[in-house]
>>> print(open('entry_35.pdb').read())   # PDB, C-alpha atoms and all ligand atoms
ATOM      1  CA  ASP A   1     -57.699   1.033  83.088
ATOM      2  CA  GLU A   2     -59.940  -2.002  83.106
ATOM      3  CA  GLN A   3     -62.759  -0.474  81.071
ATOM      4  CA  PHE A   4     -60.328   0.700  78.423
ATOM      5  CA  GLN A   5     -58.760  -2.742  78.121
ATOM      6  CA  MET A   6     -62.168  -4.331  77.824
ATOM      7  CA  ARG A   7     -63.018  -1.908  74.997
ATOM      8  CA  GLN A   8     -59.836  -2.874  73.228
ATOM      9  CA  ARG A   9     -60.576  -6.578  73.505
ATOM     10  CA  LEU A  10     -64.139  -5.934  72.328
ATOM     11  CA  ASN A  11     -63.021  -3.954  69.297
ATOM     12  CA  ARG A  12     -60.356  -6.483  68.386
ATOM     13  CA  ASN A  13     -62.937  -9.262  68.539
ATOM     14  CA  LEU A  14     -65.659  -7.396  66.641
ATOM     15  CA  CYS A  15     -63.268  -6.303  63.893
ATOM     16  CA  ARG A  16     -62.865  -9.928  62.938
ATOM     17  CA  ILE A  17     -66.611 -10.542  62.638
ATOM     18  CA  GLU A  18     -67.990  -9.525  59.275
ATOM     19  CA  HIS A  19     -71.739  -9.602  60.026
ATOM     20  CA  LYS A  20     -73.508  -9.441  63.368
ATOM     21  CA  ILE A  21     -77.149 -10.458  63.440
ATOM     22  CA  LEU A  22     -79.344  -9.926  66.477
ATOM     23  CA  VAL A  23     -82.385 -12.219  66.435
ATOM     24  CA  MET A  24     -85.239 -10.509  68.272
ATOM     25  CA  SER A  25     -88.924 -11.013  68.931
ATOM     26  CA  GLY A  26     -91.698  -9.030  70.508
ATOM     27  CA  LYS A  27     -92.592 -11.832  72.887
ATOM     28  CA  GLY A  28     -91.558 -15.301  74.004
ATOM     29  CA  GLY A  29     -92.492 -18.603  72.467
ATOM     30  CA  VAL A  30     -92.602 -17.462  68.856
ATOM     31  CA  GLY A  31     -89.644 -19.660  67.939
ATOM     32  CA  LYS A  32     -86.878 -17.087  68.134
ATOM     33  CA  SER A  33     -84.248 -19.466  69.554
ATOM     34  CA  THR A  34     -85.225 -22.202  67.127
ATOM     35  CA  THR A  35     -84.944 -19.770  64.252
ATOM     36  CA  ALA A  36     -81.613 -18.385  65.468
ATOM     37  CA  LEU A  37     -80.104 -21.870  65.727
ATOM     38  CA  ASN A  38     -81.366 -23.109  62.390
ATOM     39  CA  LEU A  39     -80.436 -19.843  60.707
ATOM     40  CA  ALA A  40     -76.886 -20.263  62.017
ATOM     41  CA  LEU A  41     -76.816 -23.876  60.802
ATOM     42  CA  ALA A  42     -78.127 -22.908  57.387
ATOM     43  CA  LEU A  43     -75.428 -20.255  57.061
ATOM     44  CA  ALA A  44     -72.736 -22.701  58.231
ATOM     45  CA  ALA A  45     -73.933 -25.189  55.633
ATOM     46  CA  GLU A  46     -72.966 -22.612  53.009
ATOM     47  CA  ASP A  47     -69.346 -22.918  54.164
ATOM     48  CA  LYS A  48     -69.457 -19.731  56.178
ATOM     49  CA  ALA A  49     -67.659 -19.414  59.512
ATOM     50  CA  VAL A  50     -70.554 -18.904  61.904
ATOM     51  CA  GLY A  51     -70.840 -18.206  65.618
ATOM     52  CA  LEU A  52     -74.006 -18.482  67.676
ATOM     53  CA  LEU A  53     -74.300 -16.601  70.956
ATOM     54  CA  ASP A  54     -77.205 -17.072  73.322
ATOM     55  CA  VAL A  55     -77.671 -13.983  75.486
ATOM     56  CA  ASP A  56     -80.973 -15.131  76.913
ATOM     57  CA  LEU A  57     -79.610 -14.917  80.438
ATOM     58  CA  HIS A  58     -82.781 -16.026  82.161
ATOM     59  CA  GLY A  59     -83.638 -18.967  80.002
ATOM     60  CA  PRO A  60     -80.667 -20.120  77.956
ATOM     61  CA  SER A  61     -82.061 -22.795  75.659
ATOM     62  CA  LEU A  62     -79.132 -23.330  73.318
ATOM     63  CA  PRO A  63     -77.304 -25.982  75.401
ATOM     64  CA  THR A  64     -80.471 -28.096  75.521
ATOM     65  CA  MET A  65     -81.292 -27.628  71.850
ATOM     66  CA  LEU A  66     -77.798 -28.837  70.978
ATOM     67  CA  GLY A  67     -77.751 -31.650  73.542
ATOM     68  CA  MET A  68     -74.673 -30.028  75.109
ATOM     69  CA  SER A  69     -75.948 -29.107  78.582
ATOM     70  CA  ASP A  70     -73.125 -30.979  80.311
ATOM     71  CA  GLN A  71     -70.331 -29.355  78.379
ATOM     72  CA  ARG A  72     -68.142 -26.575  79.742
ATOM     73  CA  PRO A  73     -65.961 -24.244  77.678
ATOM     74  CA  GLN A  74     -62.166 -24.270  78.070
ATOM     75  CA  MET A  75     -59.863 -21.305  78.355
ATOM     76  CA  GLY A  76     -57.595 -20.715  75.388
ATOM     77  CA  GLU A  77     -54.765 -18.252  74.886
ATOM     78  CA  GLU A  78     -57.079 -15.634  73.394
ATOM     79  CA  GLY A  79     -59.974 -16.089  75.791
ATOM     80  CA  ILE A  80     -62.855 -18.431  76.454
ATOM     81  CA  LEU A  81     -63.093 -20.964  73.643
ATOM     82  CA  PRO A  82     -66.536 -21.313  72.098
ATOM     83  CA  LEU A  83     -67.850 -24.869  71.945
ATOM     84  CA  ASP A  84     -68.004 -26.615  68.628
ATOM     85  CA  PHE A  85     -71.222 -28.003  67.223
ATOM     86  CA  GLN A  86     -70.558 -29.462  63.805
ATOM     87  CA  GLY A  87     -68.401 -26.523  62.857
ATOM     88  CA  LEU A  88     -70.667 -23.926  64.458
ATOM     89  CA  ARG A  89     -68.976 -21.954  67.265
ATOM     90  CA  VAL A  90     -71.453 -21.691  70.090
ATOM     91  CA  MET A  91     -71.563 -19.903  73.429
ATOM     92  CA  SER A  92     -74.297 -19.551  76.015
ATOM     93  CA  ILE A  93     -74.506 -18.453  79.625
ATOM     94  CA  GLY A  94     -75.961 -21.921  80.126
ATOM     95  CA  PHE A  95     -72.477 -23.376  79.594
ATOM     96  CA  LEU A  96     -71.003 -21.221  82.341
ATOM     97  CA  LEU A  97     -73.531 -21.340  85.143
ATOM     98  CA  GLU A  98     -73.415 -23.896  87.917
ATOM     99  CA  SER A  99     -77.177 -23.952  88.143
ATOM    100  CA  ARG A 100     -80.135 -22.434  86.367
ATOM    101  CA  ASP A 101     -81.024 -20.438  89.472
ATOM    102  CA  GLN A 102     -77.815 -18.483  89.163
ATOM    103  CA  ALA A 103     -79.044 -16.550  86.134
ATOM    104  CA  MET A 104     -82.322 -15.675  87.785
ATOM    105  CA  ILE A 105     -80.695 -13.330  90.265
ATOM    106  CA  MET A 106     -78.789 -11.290  87.699
ATOM    107  CA  ARG A 107     -79.632  -7.611  87.676
ATOM    108  CA  GLY A 108     -79.157  -5.082  84.881
ATOM    109  CA  PRO A 109     -75.480  -4.164  85.381
ATOM    110  CA  MET A 110     -74.513  -7.821  85.816
ATOM    111  CA  LYS A 111     -76.325  -8.705  82.624
ATOM    112  CA  HIS A 112     -74.515  -5.983  80.746
ATOM    113  CA  GLY A 113     -71.217  -7.269  82.145
ATOM    114  CA  ALA A 114     -72.028 -10.823  81.091
ATOM    115  CA  ILE A 115     -72.921  -9.823  77.530
ATOM    116  CA  GLN A 116     -69.826  -7.656  77.342
ATOM    117  CA  GLN A 117     -67.724 -10.651  78.351
ATOM    118  CA  PHE A 118     -69.357 -12.853  75.742
ATOM    119  CA  LEU A 119     -68.442 -10.371  73.040
ATOM    120  CA  ALA A 120     -65.030  -9.301  74.326
ATOM    121  CA  ASP A 121     -63.617 -12.370  76.038
ATOM    122  CA  VAL A 122     -64.828 -15.254  73.909
ATOM    123  CA  ALA A 123     -62.244 -16.196  71.300
ATOM    124  CA  TRP A 124     -64.648 -16.171  68.373
ATOM    125  CA  GLY A 125     -61.810 -15.896  65.885
ATOM    126  CA  PRO A 126     -62.551 -14.644  62.398
ATOM    127  CA  LEU A 127     -66.243 -15.123  61.590
ATOM    128  CA  ASP A 128     -68.385 -14.398  58.580
ATOM    129  CA  VAL A 129     -71.462 -14.159  60.774
ATOM    130  CA  LEU A 130     -72.241 -14.025  64.478
ATOM    131  CA  VAL A 131     -75.894 -14.813  65.211
ATOM    132  CA  ILE A 132     -77.055 -13.556  68.600
ATOM    133  CA  ASP A 133     -80.178 -14.966  70.199
ATOM    134  CA  CYS A 134     -81.743 -12.306  72.446
ATOM    135  CA  PRO A 135     -84.473 -12.789  75.003
ATOM    136  CA  PRO A 136     -87.884 -11.514  73.833
ATOM    137  CA  GLY A 137     -88.733  -7.839  74.055
ATOM    138  CA  THR A 138     -86.610  -4.735  74.083
ATOM    139  CA  GLY A 139     -85.117  -4.948  77.562
ATOM    140  CA  ASP A 140     -81.624  -4.983  79.055
ATOM    141  CA  GLU A 141     -80.113  -7.783  76.999
ATOM    142  CA  PRO A 142     -80.902  -6.618  73.467
ATOM    143  CA  LEU A 143     -80.027  -3.073  74.504
ATOM    144  CA  SER A 144     -76.621  -4.121  75.854
ATOM    145  CA  ALA A 145     -75.960  -6.328  72.859
ATOM    146  CA  ALA A 146     -76.943  -3.643  70.339
ATOM    147  CA  GLN A 147     -74.910  -0.963  72.111
ATOM    148  CA  LEU A 148     -71.823  -3.144  72.382
ATOM    149  CA  LEU A 149     -72.047  -4.242  68.756
ATOM    150  CA  GLY A 150     -72.327  -0.625  67.625
ATOM    151  CA  GLU A 151     -74.343   0.962  64.828
ATOM    152  CA  GLY A 152     -75.009  -1.106  61.766
ATOM    153  CA  ALA A 153     -75.454  -4.489  63.439
ATOM    154  CA  GLY A 154     -78.221  -6.479  61.773
ATOM    155  CA  ALA A 155     -81.635  -7.175  63.293
ATOM    156  CA  VAL A 156     -83.885 -10.073  62.340
ATOM    157  CA  ILE A 157     -87.323  -9.986  63.937
ATOM    158  CA  VAL A 158     -89.256 -13.207  64.424
ATOM    159  CA  THR A 159     -93.018 -13.185  64.749
ATOM    160  CA  THR A 160     -95.953 -15.545  64.294
ATOM    161  CA  PRO A 161     -99.075 -14.983  62.190
ATOM    162  CA  GLN A 162    -101.157 -14.337  65.320
ATOM    163  CA  ASP A 163     -98.831 -11.628  66.548
ATOM    164  CA  VAL A 164     -98.169  -9.647  63.448
ATOM    165  CA  ALA A 165    -100.837  -7.111  64.261
ATOM    166  CA  LEU A 166     -99.447  -6.576  67.724
ATOM    167  CA  VAL A 167     -97.460  -3.584  68.841
ATOM    168  CA  ASP A 168     -94.697  -5.942  70.059
ATOM    169  CA  VAL A 169     -93.203  -6.241  66.621
ATOM    170  CA  GLU A 170     -93.419  -2.528  66.055
ATOM    171  CA  LYS A 171     -91.561  -2.026  69.320
ATOM    172  CA  SER A 172     -88.742  -4.263  68.104
ATOM    173  CA  VAL A 173     -88.595  -2.335  64.861
ATOM    174  CA  SER A 174     -88.509   1.062  66.536
ATOM    175  CA  PHE A 175     -85.895  -0.244  68.990
ATOM    176  CA  ALA A 176     -83.710  -1.311  66.081
ATOM    177  CA  ARG A 177     -84.272   2.010  64.330
ATOM    178  CA  GLN A 178     -83.391   4.029  67.407
ATOM    179  CA  LEU A 179     -80.154   2.093  67.803
ATOM    180  CA  LYS A 180     -79.381   2.629  64.117
ATOM    181  CA  MET A 181     -79.309  -1.069  63.440
ATOM    182  CA  ASN A 182     -79.609  -2.491  59.980
ATOM    183  CA  ILE A 183     -83.059  -4.095  59.939
ATOM    184  CA  ILE A 184     -82.548  -7.208  57.860
ATOM    185  CA  GLY A 185     -86.215  -8.098  58.025
ATOM    186  CA  VAL A 186     -89.093 -10.039  59.522
ATOM    187  CA  ILE A 187     -89.518 -13.808  59.619
ATOM    188  CA  GLU A 188     -92.978 -15.245  60.082
ATOM    189  CA  ASN A 189     -92.631 -18.478  62.046
ATOM    190  CA  MET A 190     -95.308 -21.113  62.654
ATOM    191  CA  ALA A 191     -96.991 -19.912  59.496
ATOM    192  CA  GLY A 192     -99.296 -22.697  58.409
ATOM    193  CA  PHE A 193     -99.280 -26.331  59.492
ATOM    194  CA  VAL A 194     -97.464 -29.059  57.599
ATOM    195  CA  CYS A 195     -99.435 -32.319  57.678
ATOM    196  CA  PRO A 196     -97.026 -35.047  58.796
ATOM    197  CA  HIS A 197     -98.807 -37.532  56.543
ATOM    198  CA  CYS A 198     -99.235 -35.746  53.256
ATOM    199  CA  ASN A 199     -96.931 -32.718  53.636
ATOM    200  CA  GLU A 200     -99.728 -30.370  52.673
ATOM    201  CA  VAL A 201     -99.566 -26.919  54.300
ATOM    202  CA  THR A 202    -102.713 -25.605  56.001
ATOM    203  CA  ASP A 203    -102.869 -21.937  56.960
ATOM    204  CA  LEU A 204    -104.378 -21.943  60.420
ATOM    205  CA  PHE A 205    -104.224 -18.221  60.999
ATOM    206  CA  GLY A 206    -104.652 -16.808  57.551
ATOM    207  CA  ARG A 207    -101.885 -15.876  55.227
ATOM    208  CA  GLY A 208     -99.717 -12.923  54.440
ATOM    209  CA  GLY A 209     -99.915 -11.063  57.770
ATOM    210  CA  GLY A 210     -96.133 -10.931  58.212
ATOM    211  CA  GLU A 211     -95.643  -9.724  54.708
ATOM    212  CA  ARG A 212     -98.274  -7.005  55.078
ATOM    213  CA  LEU A 213     -96.741  -5.917  58.373
ATOM    214  CA  ALA A 214     -93.282  -5.735  56.818
ATOM    215  CA  GLY A 215     -94.686  -3.704  53.943
ATOM    216  CA  ARG A 216     -96.449  -1.341  56.284
ATOM    217  CA  MET A 217     -93.298  -0.784  58.315
ATOM    218  CA  ASP A 218     -91.165  -0.553  55.222
ATOM    219  CA  ILE A 219     -88.829  -3.404  56.121
ATOM    220  CA  PRO A 220     -87.964  -6.538  54.139
ATOM    221  CA  PHE A 221     -89.970  -9.730  54.551
ATOM    222  CA  LEU A 222     -87.611 -12.695  54.765
ATOM    223  CA  GLY A 223     -90.038 -15.564  54.538
ATOM    224  CA  ARG A 224     -92.358 -17.904  56.408
ATOM    225  CA  ILE A 225     -91.481 -21.057  58.296
ATOM    226  CA  PRO A 226     -94.387 -23.471  58.709
ATOM    227  CA  LEU A 227     -95.375 -25.187  61.940
ATOM    228  CA  ASP A 228     -93.773 -28.597  61.891
ATOM    229  CA  PRO A 229     -94.138 -30.851  64.949
ATOM    230  CA  ARG A 230     -90.728 -32.325  64.236
ATOM    231  CA  LEU A 231     -89.191 -28.935  65.071
ATOM    232  CA  VAL A 232     -90.328 -29.420  68.676
ATOM    233  CA  GLN A 233     -88.801 -32.884  68.902
ATOM    234  CA  SER A 234     -85.550 -31.619  67.412
ATOM    235  CA  GLY A 235     -85.431 -28.782  69.924
ATOM    236  CA  ASP A 236     -85.723 -31.203  72.814
ATOM    237  CA  SER A 237     -83.459 -33.904  71.464
ATOM    238  CA  GLY A 238     -80.247 -32.048  70.713
ATOM    239  CA  ARG A 239     -80.464 -32.981  67.041
ATOM    240  CA  PRO A 240     -81.190 -29.759  65.161
ATOM    241  CA  PHE A 241     -84.067 -29.853  62.747
ATOM    242  CA  LEU A 242     -82.212 -28.510  59.761
ATOM    243  CA  LEU A 243     -79.809 -31.431  59.868
ATOM    244  CA  GLU A 244     -82.346 -34.124  60.782
ATOM    245  CA  HIS A 245     -85.048 -33.144  58.303
ATOM    246  CA  ALA A 246     -83.034 -31.400  55.647
ATOM    247  CA  ASP A 247     -85.559 -32.004  52.868
ATOM    248  CA  SER A 248     -88.685 -30.818  54.739
ATOM    249  CA  ILE A 249     -90.669 -27.748  53.744
ATOM    250  CA  ALA A 250     -89.702 -26.031  57.007
ATOM    251  CA  ALA A 251     -85.986 -26.701  56.413
ATOM    252  CA  GLU A 252     -86.246 -25.293  52.898
ATOM    253  CA  ALA A 253     -87.978 -22.215  54.364
ATOM    254  CA  LEU A 254     -85.162 -21.805  56.901
ATOM    255  CA  ARG A 255     -82.527 -22.028  54.193
ATOM    256  CA  HIS A 256     -84.454 -19.482  52.148
ATOM    257  CA  VAL A 257     -84.504 -17.129  55.137
ATOM    258  CA  ALA A 258     -80.747 -17.634  55.640
ATOM    259  CA  ARG A 259     -80.097 -16.744  52.007
ATOM    260  CA  SER A 260     -82.301 -13.639  52.298
ATOM    261  CA  ALA A 261     -80.544 -12.532  55.478
TER     262      ALA A 261
HETATM  263  P1  LIG B   1     -88.605 -18.465  71.734
HETATM  264  O1  LIG B   1     -87.129 -18.468  71.611
HETATM  265  O2  LIG B   1     -89.262 -17.431  70.873
HETATM  266  O3  LIG B   1     -89.108 -18.413  73.135
HETATM  267  P2  LIG B   1     -88.452 -21.248  70.938
HETATM  268  O4  LIG B   1     -87.530 -21.236  69.785
HETATM  269  O5  LIG B   1     -87.916 -21.718  72.256
HETATM  270  O6  LIG B   1     -89.151 -19.834  71.127
HETATM  271  O7  LIG B   1     -89.712 -22.089  70.500
HETATM  272  C1  LIG B   1     -90.798 -22.327  71.387
HETATM  273  C2  LIG B   1     -91.317 -23.735  71.119
HETATM  274  O8  LIG B   1     -91.906 -23.789  69.819
HETATM  275  C3  LIG B   1     -90.233 -24.801  71.135
HETATM  276  O9  LIG B   1     -90.755 -25.965  71.702
HETATM  277  C4  LIG B   1     -89.926 -25.019  69.665
HETATM  278  O10 LIG B   1     -89.457 -26.331  69.397
HETATM  279  C5  LIG B   1     -91.283 -24.787  69.023
HETATM  280  N1  LIG B   1     -91.207 -24.285  67.632
HETATM  281  C6  LIG B   1     -90.547 -23.205  67.181
HETATM  282  N2  LIG B   1     -90.753 -23.015  65.855
HETATM  283  C7  LIG B   1     -91.567 -24.030  65.445
HETATM  284  C8  LIG B   1     -92.152 -24.415  64.178
HETATM  285  N3  LIG B   1     -91.954 -23.719  63.055
HETATM  286  N4  LIG B   1     -92.925 -25.526  64.169
HETATM  287  C9  LIG B   1     -93.166 -26.225  65.307
HETATM  288  N5  LIG B   1     -92.654 -25.914  66.497
HETATM  289  C10 LIG B   1     -91.861 -24.831  66.586
END
>>> encode(input="entry_35.pdb", output="structure tokens")
Amino acid sequence: DEQFQMRQRLNRNLCRIEHKILVMSGKGGVGKSTTALNLALALAAEDKAVGLLDVDLHGPSLPTMLGMSDQRPQMGEEGILPLDFQGLRVMSIGFLLESRDQAMIMRGPMKHGAIQQFLADVAWGPLDVLVIDCPPGTGDEPLSAAQLLGEGAGAVIVTTPQDVALVDVEKSVSFARQLKMNIIGVIENMAGFVCPHCNEVTDLFGRGGGERLAGRMDIPFLGRIPLDPRLVQSGDSGRPFLLEHADSIAAEALRHVARSA
């Protein structure tokens, strides 16, 4: 039947993907999507075959960040073809919807169906890594994604120095533990401010919170990415930061995180 066939397509697809990494955060605005994109780019720069899937069904930001909002995926023989961004294979609900309002009316079962389709019916091809950008929290989307990916999928949790004490991060960690995911670690984003004039890093919110939190929860700490105003411009312009400002402190931090993951 239909469900069985879907399962088969899903398994066939997932078998060809070596590592699956779910990028999560306790709450919105901590730079999860930015981190997911630049992480994927950093991995691709190491000659890995990388896919990036945006399952943030209510606010898909990937098309904008890549300057690809007008593009639409084509159908290939093996399914929906991911779009190409400088070698990165990307897919987002934003590429498929007629309007932004369309996603707003999706309820739980529809969301699950959409995520299932992204994993089963997109022709990802063989990949070293699939990075999946989840909406914040531990709701429907990360749950569907984690369940469909199966035990052992990786989880990277993004937080900021202000939030590390909050229960949000702990919720993400216990979510990942309950679903028997492999917790790759915590990234502290917006950690310190890089002066655009002298490149000096100022710690606005103290230092080491993310690391202490990771230690307390017994999970790896992957590194800190400083606040860099150019990251905002890159996000809005469709020219990803890692490529535009490859020699910045923040880009080096992102590459470090990619190597640790
Ligand atoms: P989330 O996915 O967690 O909601 P985003 O990745 O959309 O967060 O980031 C929220 C905003 O913060 C965006 O405008 C983004 O460009 C900006 N941003 C993210 N990380 C940094 C950083 N390290 N330095 C400066 N701005 C950042």
>>> axis_aligned_box(input="entry_35.pdb", around="stretch 19-23 of chain A", padding_each_side="3 Å", output="lines of an AutoDock Vina configuration file")
center_x = -77.1
center_y = -10.8
center_z = 63.3
size_x = 16.6
size_y = 8.8
size_z = 12.5
>>> resolve_selection(input="entry_35.pdb", expression="the PyMOL selection byres (((not hetatm)) within 8 of (chain B and resi 1))", output="PyMOL selection string")
chain A and resi 25+27-36+61+133+135-136+158+189-191+193+225-236+250
>>> residues_around(input="entry_35.pdb", residues="A:Ile219", least_positions_apart="5", cutoff="9 Å", atoms="all atoms listed in the file", output="VMD selection string")
chain A and resid 173 183 to 186 213 to 214
>>> resolve_selection(input="entry_35.pdb", expression="the PyMOL selection byres (((chain A and resi 202) around 10) and not hetatm)", output="list in words")
Ala191, Gly192, Phe193, Val194, Cys195, Asn199, Glu200, Val201, Asp203, Leu204, Phe205, Gly206, Arg207, Pro226 and Leu227 of chain A
>>> write_last_selection(input="entry_35.pdb", atoms="C-alpha atoms", output="PDB file, keeping the file's coordinate frame")
ATOM      1  CA  ALA A 191     -96.991 -19.912  59.496  1.00  0.00           C
ATOM      2  CA  GLY A 192     -99.296 -22.697  58.409  1.00  0.00           C
ATOM      3  CA  PHE A 193     -99.280 -26.331  59.492  1.00  0.00           C
ATOM      4  CA  VAL A 194     -97.464 -29.059  57.599  1.00  0.00           C
ATOM      5  CA  CYS A 195     -99.435 -32.319  57.678  1.00  0.00           C
ATOM      6  CA  ASN A 199     -96.931 -32.718  53.636  1.00  0.00           C
ATOM      7  CA  GLU A 200     -99.728 -30.370  52.673  1.00  0.00           C
ATOM      8  CA  VAL A 201     -99.566 -26.919  54.300  1.00  0.00           C
ATOM      9  CA  ASP A 203    -102.869 -21.937  56.960  1.00  0.00           C
ATOM     10  CA  LEU A 204    -104.378 -21.943  60.420  1.00  0.00           C
ATOM     11  CA  PHE A 205    -104.224 -18.221  60.999  1.00  0.00           C
ATOM     12  CA  GLY A 206    -104.652 -16.808  57.551  1.00  0.00           C
ATOM     13  CA  ARG A 207    -101.885 -15.876  55.227  1.00  0.00           C
ATOM     14  CA  PRO A 226     -94.387 -23.471  58.709  1.00  0.00           C
ATOM     15  CA  LEU A 227     -95.375 -25.187  61.940  1.00  0.00           C
TER      16      LEU A 227
END
>>> resolve_selection(input="entry_35.pdb", expression="the PyMOL selection byres (((chain A and resi 117) around 12) and not hetatm)", output="JSON, numbers by chain")
{"A": [3, 5, 6, 7, 9, 10, 13, 53, 55, 79, 80, 91, 92, 93, 96, 110, 111, 112, 113, 114, 115, 116, 118, 119, 120, 121, 122, 123, 124, 144, 145, 148]}
>>> closest_residue(input="entry_35.pdb", among="A:Arg255, A:Thr159, A:Phe221, A:Phe4", to="A:Ala40", atoms="all atoms listed in the file")
A:Arg255
>>> atom_distance(input="entry_35.pdb", atom1="atom CA of A:Ser237", atom2="atom CA of A:Lys20")
27.6 Å
>>> atom_distance(input="entry_35.pdb", atom1="atom CA of A:Ala44", atom2="atom CA of A:Leu130")
10.7 Å
>>> atom_distance(input="entry_35.pdb", atom1="atom CA of A:Cys134", atom2="atom CA of A:Glu244")
24.7 Å
>>> closest_residue(input="entry_35.pdb", among="A:Cys15, A:Gly238, A:Thr138, A:Ser260", to="A:Met68", atoms="all atoms listed in the file")
A:Gly238
>>> residues_around(input="entry_35.pdb", residues="A:Leu22", least_positions_apart="6", cutoff="8 Å", atoms="all atoms listed in the file", output="count of residues only")
10
>>> closest_residue(input="entry_35.pdb", among="A:Leu37, A:Met106, A:Val257, A:Val50", to="A:Glu141", atoms="all atoms listed in the file")
A:Met106
>>> closest_residue(input="entry_35.pdb", among="A:Gly210, A:Gly26, A:Pro161, A:Gly51", to="A:Gln86", atoms="all atoms listed in the file")
A:Gly51
>>> residues_around(input="entry_35.pdb", residues="A:Phe95", least_positions_apart="3", cutoff="9 Å", atoms="only C-alpha atoms", output="PyMOL selection string")
chain A and resi 60+63+68-73+91-92+98
>>> residues_around(input="entry_35.pdb", residues="A:Asp128", least_positions_apart="6", cutoff="7 Å", atoms="all atoms listed in the file", output="list of chain:residue names")
A:Ile17, A:Glu18, A:His19, A:Lys48, A:Ala49, A:Val50
>>> closest_residue(input="entry_35.pdb", among="A:Asp56, A:Gln147, A:Ala45, A:Arg16", to="A:Gly125", atoms="all atoms listed in the file")
A:Arg16
>>> closest_residue(input="entry_35.pdb", among="A:Ile157, A:Asn38, A:His197, A:Ala176", to="A:Pro220", atoms="all atoms listed in the file")
A:Ile157
